[in-house]
>>> print(open('structure_33.pdb').read())   # PDB, C-alpha atoms
MODEL        1
ATOM      1  CA  MET A   1     100.951 114.073  82.440
ATOM      2  CA  ASP A   2      98.152 116.612  82.354
ATOM      3  CA  ARG A   3      94.775 114.932  82.737
ATOM      4  CA  ARG A   4      92.492 117.923  82.140
ATOM      5  CA  TRP A   5      91.651 116.462  78.739
ATOM      6  CA  MET A   6      89.616 113.765  80.516
ATOM      7  CA  LYS A   7      86.943 116.362  81.356
ATOM      8  CA  ALA A   8      87.040 118.106  77.968
ATOM      9  CA  TYR A   9      84.362 117.808  75.295
ATOM     10  CA  ARG A  10      84.945 114.437  73.611
ATOM     11  CA  LEU A  11      84.955 115.888  70.084
ATOM     12  CA  SER A  12      87.450 118.635  70.940
ATOM     13  CA  ALA A  13      91.072 118.744  69.832
ATOM     14  CA  GLU A  14      92.104 118.830  73.515
ATOM     15  CA  TYR A  15      90.347 115.525  74.172
ATOM     16  CA  ASP A  16      91.696 113.936  70.987
ATOM     17  CA  ASN A  17      95.259 114.986  71.851
ATOM     18  CA  GLY A  18      94.802 113.676  75.391
ATOM     19  CA  VAL A  19      93.607 110.302  74.099
ATOM     20  CA  THR A  20      96.623 110.145  71.774
ATOM     21  CA  GLU A  21      99.018 110.951  74.631
ATOM     22  CA  PHE A  22      97.275 108.436  76.904
ATOM     23  CA  LEU A  23      97.597 105.661  74.306
ATOM     24  CA  GLN A  24     101.260 106.524  73.718
ATOM     25  CA  PHE A  25     101.824 106.442  77.483
ATOM     26  CA  ALA A  26     100.231 102.982  77.714
ATOM     27  CA  GLU A  27     102.221 101.663  74.770
ATOM     28  CA  LYS A  28     105.463 102.975  76.270
ATOM     29  CA  ASN A  29     104.803 101.811  79.837
ATOM     30  CA  LEU A  30     103.172  98.432  79.182
ATOM     31  CA  PRO A  31     105.673  96.403  77.163
ATOM     32  CA  ASN A  32     104.854  92.954  75.780
ATOM     33  CA  THR A  33     101.117  93.546  75.401
ATOM     34  CA  GLU A  34     101.001  92.500  71.756
ATOM     35  CA  GLY A  35      99.238  95.798  71.044
ATOM     36  CA  LEU A  36      96.292  95.058  73.337
ATOM     37  CA  PHE A  37      95.423  97.113  76.417
ATOM     38  CA  PRO A  38      92.678  97.410  79.046
ATOM     39  CA  CYS A  39      90.055  99.894  77.893
ATOM     40  CA  PRO A  40      89.373 102.676  80.446
ATOM     41  CA  CYS A  41      86.116 103.787  78.866
ATOM     42  CA  VAL A  42      82.940 104.113  80.910
ATOM     43  CA  SER A  43      81.540 100.850  79.497
ATOM     44  CA  CYS A  44      84.639  98.637  79.784
ATOM     45  CA  GLY A  45      86.135 100.005  83.002
ATOM     46  CA  ASN A  46      89.536  98.345  82.343
ATOM     47  CA  ARG A  47      87.995  94.856  82.381
ATOM     48  CA  ASP A  48      88.806  92.134  79.860
ATOM     49  CA  PRO A  49      88.948  91.668  76.967
ATOM     50  CA  LYS A  50      91.907  93.838  76.119
ATOM     51  CA  LEU A  51      91.513  95.949  72.995
ATOM     52  CA  SER A  52      93.705  97.509  70.321
ATOM     53  CA  LYS A  53      94.634 101.181  70.553
ATOM     54  CA  GLU A  54      92.217 102.061  67.756
ATOM     55  CA  GLU A  55      89.330 100.237  69.453
ATOM     56  CA  ILE A  56      90.121 102.039  72.715
ATOM     57  CA  ARG A  57      90.235 105.386  70.881
ATOM     58  CA  GLY A  58      86.766 104.657  69.491
ATOM     59  CA  HIS A  59      85.394 103.777  72.917
ATOM     60  CA  LEU A  60      86.940 106.861  74.557
ATOM     61  CA  VAL A  61      85.447 109.151  71.926
ATOM     62  CA  SER A  62      82.025 107.499  71.846
ATOM     63  CA  VAL A  63      81.376 106.864  75.579
ATOM     64  CA  GLY A  64      84.189 108.707  77.374
ATOM     65  CA  ILE A  65      86.867 107.774  79.873
ATOM     66  CA  CYS A  66      86.051 106.790  83.475
ATOM     67  CA  GLN A  67      86.431 110.100  85.305
ATOM     68  CA  ASN A  68      87.767 108.452  88.457
ATOM     69  CA  TYR A  69      90.575 106.662  86.597
ATOM     70  CA  THR A  70      93.163 109.282  87.432
ATOM     71  CA  GLN A  71      96.048 107.011  88.373
ATOM     72  CA  TRP A  72      96.632 104.866  85.318
ATOM     73  CA  ILE A  73      97.778 101.725  87.115
ATOM     74  CA  TRP A  74      96.391  99.418  84.405
ATOM     75  CA  HIS A  75      98.409 101.311  81.810
ATOM     76  CA  GLY A  76     101.845 101.285  83.434
ATOM     77  CA  GLU A  77     101.703 104.148  85.910
ATOM     78  CA  THR A  78     103.291 103.308  89.250
ATOM     79  CA  MET A  79     101.370 103.801  92.466
ATOM     80  CA  LEU A  80     104.384 105.159  94.333
ATOM     81  CA  PRO A  81     104.748 108.943  94.444
ATOM     82  CA  SER A  82     107.776 110.383  92.718
ATOM     83  CA  VAL A  83     110.732 111.612  94.759
ATOM     84  CA  SER A  84     109.729 115.233  94.152
ATOM     85  CA  GLN A  85     106.180 114.522  95.425
ATOM     86  CA  ARG A  86     107.548 112.898  98.603
ATOM     87  CA  GLU A  87     109.931 115.780  99.258
ATOM     88  CA  GLU A  88     107.123 118.356  99.082
ATOM     89  CA  GLY A  89     105.739 117.237 102.471
ATOM     90  CA  SER A  90     106.807 119.182 105.530
ATOM     91  CA  VAL A  91     108.927 117.465 108.167
ATOM     92  CA  ASP A  92     106.657 118.788 110.918
ATOM     93  CA  MET A  93     103.613 117.231 109.239
ATOM     94  CA  ASP A  94     105.438 113.910 108.886
ATOM     95  CA  ASP A  95     106.313 113.935 112.599
ATOM     96  CA  ARG A  96     102.720 114.686 113.602
ATOM     97  CA  LEU A  97     101.398 111.982 111.306
ATOM     98  CA  GLU A  98     103.708 109.392 112.865
ATOM     99  CA  ASP A  99     102.576 110.491 116.350
ATOM    100  CA  MET A 100      98.919 110.138 115.345
ATOM    101  CA  ILE A 101      99.492 106.648 113.962
ATOM    102  CA  ARG A 102     101.388 105.665 117.092
ATOM    103  CA  ASN A 103      98.611 107.058 119.325
ATOM    104  CA  VAL A 104      95.890 105.136 117.480
ATOM    105  CA  GLY A 105      98.009 102.011 117.257
ATOM    106  CA  GLU A 106      98.087  99.210 119.780
ATOM    107  CA  GLU A 107      95.288 100.228 122.165
ATOM    108  CA  SER A 108      92.738 100.765 119.375
ATOM    109  CA  PHE A 109      93.792  97.542 117.724
ATOM    110  CA  LYS A 110      93.225  95.641 120.985
ATOM    111  CA  LYS A 111      89.747  97.195 121.415
ATOM    112  CA  ALA A 112      88.731  96.314 117.868
ATOM    113  CA  HIS A 113      90.068  92.769 118.281
ATOM    114  CA  VAL A 114      88.124  92.252 121.535
ATOM    115  CA  ARG A 115      84.921  93.549 119.906
ATOM    116  CA  MET A 116      85.366  91.107 117.022
ATOM    117  CA  ILE A 117      85.837  88.189 119.430
ATOM    118  CA  ILE A 118      82.673  89.169 121.333
ATOM    119  CA  TYR A 119      80.692  89.446 118.089
ATOM    120  CA  VAL A 120      81.886  86.039 116.856
ATOM    121  CA  ASN A 121      81.044  84.402 120.189
ATOM    122  CA  ILE A 122      77.545  85.893 120.256
ATOM    123  CA  ARG A 123      76.926  84.864 116.661
ATOM    124  CA  ASN A 124      78.160  81.329 117.284
ATOM    125  CA  ASN A 125      76.007  80.953 120.404
ATOM    126  CA  LEU A 126      72.889  82.198 118.624
ATOM    127  CA  CYS A 127      73.465  80.039 115.597
ATOM    128  CA  THR A 128      74.095  76.837 117.533
ATOM    129  CA  GLN A 129      70.768  77.122 119.367
ATOM    130  CA  ASP A 130      67.561  75.895 117.821
ATOM    131  CA  ALA A 131      67.157  77.902 114.582
ATOM    132  CA  ARG A 132      63.382  77.999 115.169
ATOM    133  CA  SER A 133      63.983  80.293 118.137
ATOM    134  CA  PHE A 134      65.369  82.941 115.796
ATOM    135  CA  PRO A 135      63.332  82.904 112.579
ATOM    136  CA  GLY A 136      64.825  85.044 109.829
ATOM    137  CA  CYS A 137      68.229  85.285 111.513
ATOM    138  CA  GLN A 138      70.764  86.665 109.041
ATOM    139  CA  LEU A 139      73.756  85.315 110.985
ATOM    140  CA  CYS A 140      73.001  81.596 110.777
TER     141      CYS A 140
ENDMDL
END
>>> encode(input="structure_33.pdb", output="structure tokens")
Amino acid sequence: MDRRWMKAYRLSAEYDNGVTEFLQFAEKNLPNTEGLFPCPCVSCGNRDPKLSKEEIRGHLVSVGICQNYTQWIWHGETMLPSVSQREEGSVDMDDRLEDMIRNVGEESFKKAHVRMIIYVNIRNNLCTQDARSFPGCQLC
């Protein structure tokens, strides 16, 4: 679905049509909602309470849609890319990506784990000593 309407002037026909399509998308992809949906306007940010389509339309026109809400996960859009999107990637790029992940993998994980253990030990040693020795300590 084209999302250019999200950046259009809120009183334009383009924006109004986009809101209509968005609400139809939500209604189609979120069954059993009893006509209530999360509101993606700037004020509500998809938080409760859920609102009717007409209330959401009013919010989207008056305050606008959250510009960073481009994957409509709260309105039934899946997070997985479609088959056509996955097939667009080059095989060479996929191979290089796997090599990079493998190269970062175990050794980096071990280093990060050791650093965390050292940090926890230092914090525990400092915090078990007399707290008066370290006034204002944020770790204790």
>>> residues_around(input="structure_33.pdb", residues="A:Asn29", least_positions_apart="6", cutoff="8 Å", atoms="only C-alpha atoms", output="PDB file with C-alpha atoms, in the coordinates of the input")
ATOM      1  CA  HIS A  75      98.409 101.311  81.810  1.00  0.00           C
ATOM      2  CA  GLY A  76     101.845 101.285  83.434  1.00  0.00           C
ATOM      3  CA  GLU A  77     101.703 104.148  85.910  1.00  0.00           C
TER       4      GLU A  77
END
>>> atom_distance(input="structure_33.pdb", atom1="atom CA of A:Arg4", atom2="atom CA of A:Val63")
17.0 Å
>>> atom_distance(input="structure_33.pdb", atom1="atom CA of A:Tyr9", atom2="atom CA of A:Asn68")
16.5 Å
>>> resolve_selection(input="structure_33.pdb", expression="the PyMOL selection byres ((chain A and resi 38-45) around 7)", output="list of chain:residue names")
A:Phe37, A:Asn46, A:Arg47, A:Asp48, A:Lys50, A:Leu51, A:Ile56, A:His59, A:Leu60, A:Val63, A:Gly64, A:Ile65, A:Cys66, A:Trp74
>>> write_last_selection(input="structure_33.pdb", atoms="C-alpha atoms", output="PDB file, in the coordinates of the input")
ATOM      1  CA  PHE A  37      95.423  97.113  76.417  1.00  0.00           C
ATOM      2  CA  ASN A  46      89.536  98.345  82.343  1.00  0.00           C
ATOM      3  CA  ARG A  47      87.995  94.856  82.381  1.00  0.00           C
ATOM      4  CA  ASP A  48      88.806  92.134  79.860  1.00  0.00           C
ATOM      5  CA  LYS A  50      91.907  93.838  76.119  1.00  0.00           C
ATOM      6  CA  LEU A  51      91.513  95.949  72.995  1.00  0.00           C
ATOM      7  CA  ILE A  56      90.121 102.039  72.715  1.00  0.00           C
ATOM      8  CA  HIS A  59      85.394 103.777  72.917  1.00  0.00           C
ATOM      9  CA  LEU A  60      86.940 106.861  74.557  1.00  0.00           C
ATOM     10  CA  VAL A  63      81.376 106.864  75.579  1.00  0.00           C
ATOM     11  CA  GLY A  64      84.189 108.707  77.374  1.00  0.00           C
ATOM     12  CA  ILE A  65      86.867 107.774  79.873  1.00  0.00           C
ATOM     13  CA  CYS A  66      86.051 106.790  83.475  1.00  0.00           C
ATOM     14  CA  TRP A  74      96.391  99.418  84.405  1.00  0.00           C
TER      15      TRP A  74
END
>>> closest_residue(input="structure_33.pdb", among="A:Leu23, A:Asn32, A:Trp72, A:Ala8", to="A:Ser52", atoms="all atoms listed in the file")
A:Leu23
>>> atom_distance(input="structure_33.pdb", atom1="atom CA of A:Gln67", atom2="atom CA of A:Ala13")
18.3 Å
>>> residues_around(input="structure_33.pdb", residues="A:Asn17", least_positions_apart="2", cutoff="12 Å", atoms="all atoms listed in the file", output="ChimeraX atom specification")
/A:2-6,8-15,19-24,57,60-61
>>> write_last_selection(input="structure_33.pdb", atoms="C-alpha atoms", output="PDB file, in the frame of the given file")
ATOM      1  CA  ASP A   2      98.152 116.612  82.354  1.00  0.00           C
ATOM      2  CA  ARG A   3      94.775 114.932  82.737  1.00  0.00           C
ATOM      3  CA  ARG A   4      92.492 117.923  82.140  1.00  0.00           C
ATOM      4  CA  TRP A   5      91.651 116.462  78.739  1.00  0.00           C
ATOM      5  CA  MET A   6      89.616 113.765  80.516  1.00  0.00           C
ATOM      6  CA  ALA A   8      87.040 118.106  77.968  1.00  0.00           C
ATOM      7  CA  TYR A   9      84.362 117.808  75.295  1.00  0.00           C
ATOM      8  CA  ARG A  10      84.945 114.437  73.611  1.00  0.00           C
ATOM      9  CA  LEU A  11      84.955 115.888  70.084  1.00  0.00           C
ATOM     10  CA  SER A  12      87.450 118.635  70.940  1.00  0.00           C
ATOM     11  CA  ALA A  13      91.072 118.744  69.832  1.00  0.00           C
ATOM     12  CA  GLU A  14      92.104 118.830  73.515  1.00  0.00           C
ATOM     13  CA  TYR A  15      90.347 115.525  74.172  1.00  0.00           C
ATOM     14  CA  VAL A  19      93.607 110.302  74.099  1.00  0.00           C
ATOM     15  CA  THR A  20      96.623 110.145  71.774  1.00  0.00           C
ATOM     16  CA  GLU A  21      99.018 110.951  74.631  1.00  0.00           C
ATOM     17  CA  PHE A  22      97.275 108.436  76.904  1.00  0.00           C
ATOM     18  CA  LEU A  23      97.597 105.661  74.306  1.00  0.00           C
ATOM     19  CA  GLN A  24     101.260 106.524  73.718  1.00  0.00           C
ATOM     20  CA  ARG A  57      90.235 105.386  70.881  1.00  0.00           C
ATOM     21  CA  LEU A  60      86.940 106.861  74.557  1.00  0.00           C
ATOM     22  CA  VAL A  61      85.447 109.151  71.926  1.00  0.00           C
TER      23      VAL A  61
END
>>> closest_residue(input="structure_33.pdb", among="A:Lys53, A:Met1, A:Gly58, A:Tyr69", to="A:Glu34", atoms="only C-alpha atoms")
A:Lys53
